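**Q** Quick one: the structure is below, questions incoming.
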Amino acid sequence: MQIFITSIAASGNDDIAVSLEIREGEQIQRERFVVSAEVYASLGISKGECDRELYDLLEGEARICAAYKRGLYILGYGSCSMRAMVSKLVAKGFDRTDACVAAERLESRGLLNEESNARREAERCAAKLWGEIRIVSHLRSKGYSDDAVNDALFALEDNGVDFEENCLKLVESKCHGGALPSERSELQKLIASVMRYGYSSGEVKHALSQIANRKSSIYD
């Protein structure tokens, strides 16, 4: 069996298409692999006969290039974590190893910044008055690493997000006329509703206490 590179041509903006012929007796099989210009330059590809090792490298890089381009397409619809990117690529039929390499290349080129993406996602959650517990759960469900989650929480703190204050705002938004429910069953429903936003029982009780004290101070 002999393998020949028959042509090299530009493909798109930054890719190179390498056409090959695999000859075994009178049988000829033609292949076309699209790789990045960076990979093309690093492999020192030229027309003529090539060995099986180079063929296998081209085949693998072509798969990674396809996964990389699909990753760019995915990012066009919004940011995501490394883990989520790999999962989405695998769901599209790419091999997990190729998907991991493609995601790493997206990250190395600054196109997939896990910490930055986690921060933006956390900011959106905080703007919806979510508590820390729900934000952490949400980020982890999106596949963000523990380091990225912790970094996002520190960033919220640095930006002045006060979860106790947000909890108070949320409770107030659920109180009709600014007054707490007088019936115990309704008060328990309010507490449960606020806790579903990711606040601890302590944070909710503190917010209720502030509202109750504010009301009683009117009559002092």
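As shown in the structure tokens, the chain order sets the letters A, B, ...; within each chain, residues go from 1, and ligands are also counted from 1 in the order they appear.
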Could you give me, as an MDAnalysis selection string, each residue of range 43-204 of chain A that DSSP assigns to helix (DSSP H, G or I) when run on this structure's backbone?

**A** chainID A and resid 43 52:75 82:91 96:108 114:127 132:141 146:158 163:174 176:178 184:195 201:204

**Q** Can you check which parts of range 28-107 of chain A lie within 7 Å of range 121-143 of chain A? Per residue, the shortest pair of atoms and distance in Å to one decimal, counting only C-alpha atoms, sorted by chain and number, as a tab-separated table.

**A**
```
residue	atom	partner	partner_atom	distance
A:Ser81	CA	A:Gly143	CA	5.7
A:Arg83	CA	A:Gly143	CA	5.1
A:Ala84	CA	A:Gly143	CA	5.4
```

**Q** If you keep all heavy atoms, can you produce a file of those selected residues as a compact mmCIF listing (two decimals), in the first residue's frame?

**A**
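part.txt, freshly written:
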```
# COMPACT_ATOMS: atom_id res chain seq x y z
N SER A 81 -19.18 26.08 29.72
CA SER A 81 -18.01 25.56 30.42
C SER A 81 -17.27 24.57 29.52
O SER A 81 -17.78 24.13 28.49
CB SER A 81 -18.44 24.85 31.70
OG SER A 81 -19.21 23.69 31.38
N ARG A 83 -16.55 21.49 30.33
CA ARG A 83 -17.25 20.21 30.41
C ARG A 83 -18.49 20.20 29.53
O ARG A 83 -18.77 19.22 28.85
CB ARG A 83 -17.62 19.93 31.87
CG ARG A 83 -18.15 18.51 32.11
CD ARG A 83 -18.47 18.30 33.57
NE ARG A 83 -17.31 18.56 34.40
CZ ARG A 83 -17.35 18.64 35.74
NH1 ARG A 83 -18.51 18.51 36.37
NH2 ARG A 83 -16.25 18.85 36.43
N ALA A 84 -19.21 21.31 29.53
CA ALA A 84 -20.42 21.40 28.70
C ALA A 84 -20.05 21.37 27.22
O ALA A 84 -20.76 20.74 26.42
CB ALA A 84 -21.20 22.66 29.03
```

**Q** Skipping near chain neighbours, those fewer than 3 positions away, what residues fall within 12 Å of Glu203 in chain A using only C-alpha atoms, listed as number ranges by chain?

**A** A: 131-133, 162-171, 191, 194-195, 197-200, 206-210

**Q** Would you pick out the contacts of range 107-116 of chain A at 10 Å or less, using only C-alpha atoms, so that residues sharing its chain but fewer than 3 positions from it are not included, and give the list as a ChimeraX atom specification?

**A** /A:71-72,75,79-83,85,101-104,119-122,143-145,147-152,155

**Q** Between A:Phe154, A:Phe33, A:Tyr77, A:Phe4, which residue has the minimum interatomic distance to Gly60 in chain A, considering only C-alpha atoms?

**A**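 Distance minimum relative to Gly60 in chain A lands on A:Phe33.
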
**Q** Select, from A:Val35, A:Ile28, A:Leu156, A:Leu57, the residue with the minimum atom-to-atom distance to Ala9 in chain A, counting only C-alpha atoms.

**A** A:Val35

**Q** Give the answer as one residue: which of A:Asp14, A:Asp158, A:Asp146, A:Glu183 has the shortest atom-to-atom distance to Val34 in chain A, using only C-alpha atoms?

**A**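 When distances to Val34 in chain A are compared using only C-alpha atoms, the smallest one comes from A:Asp14.
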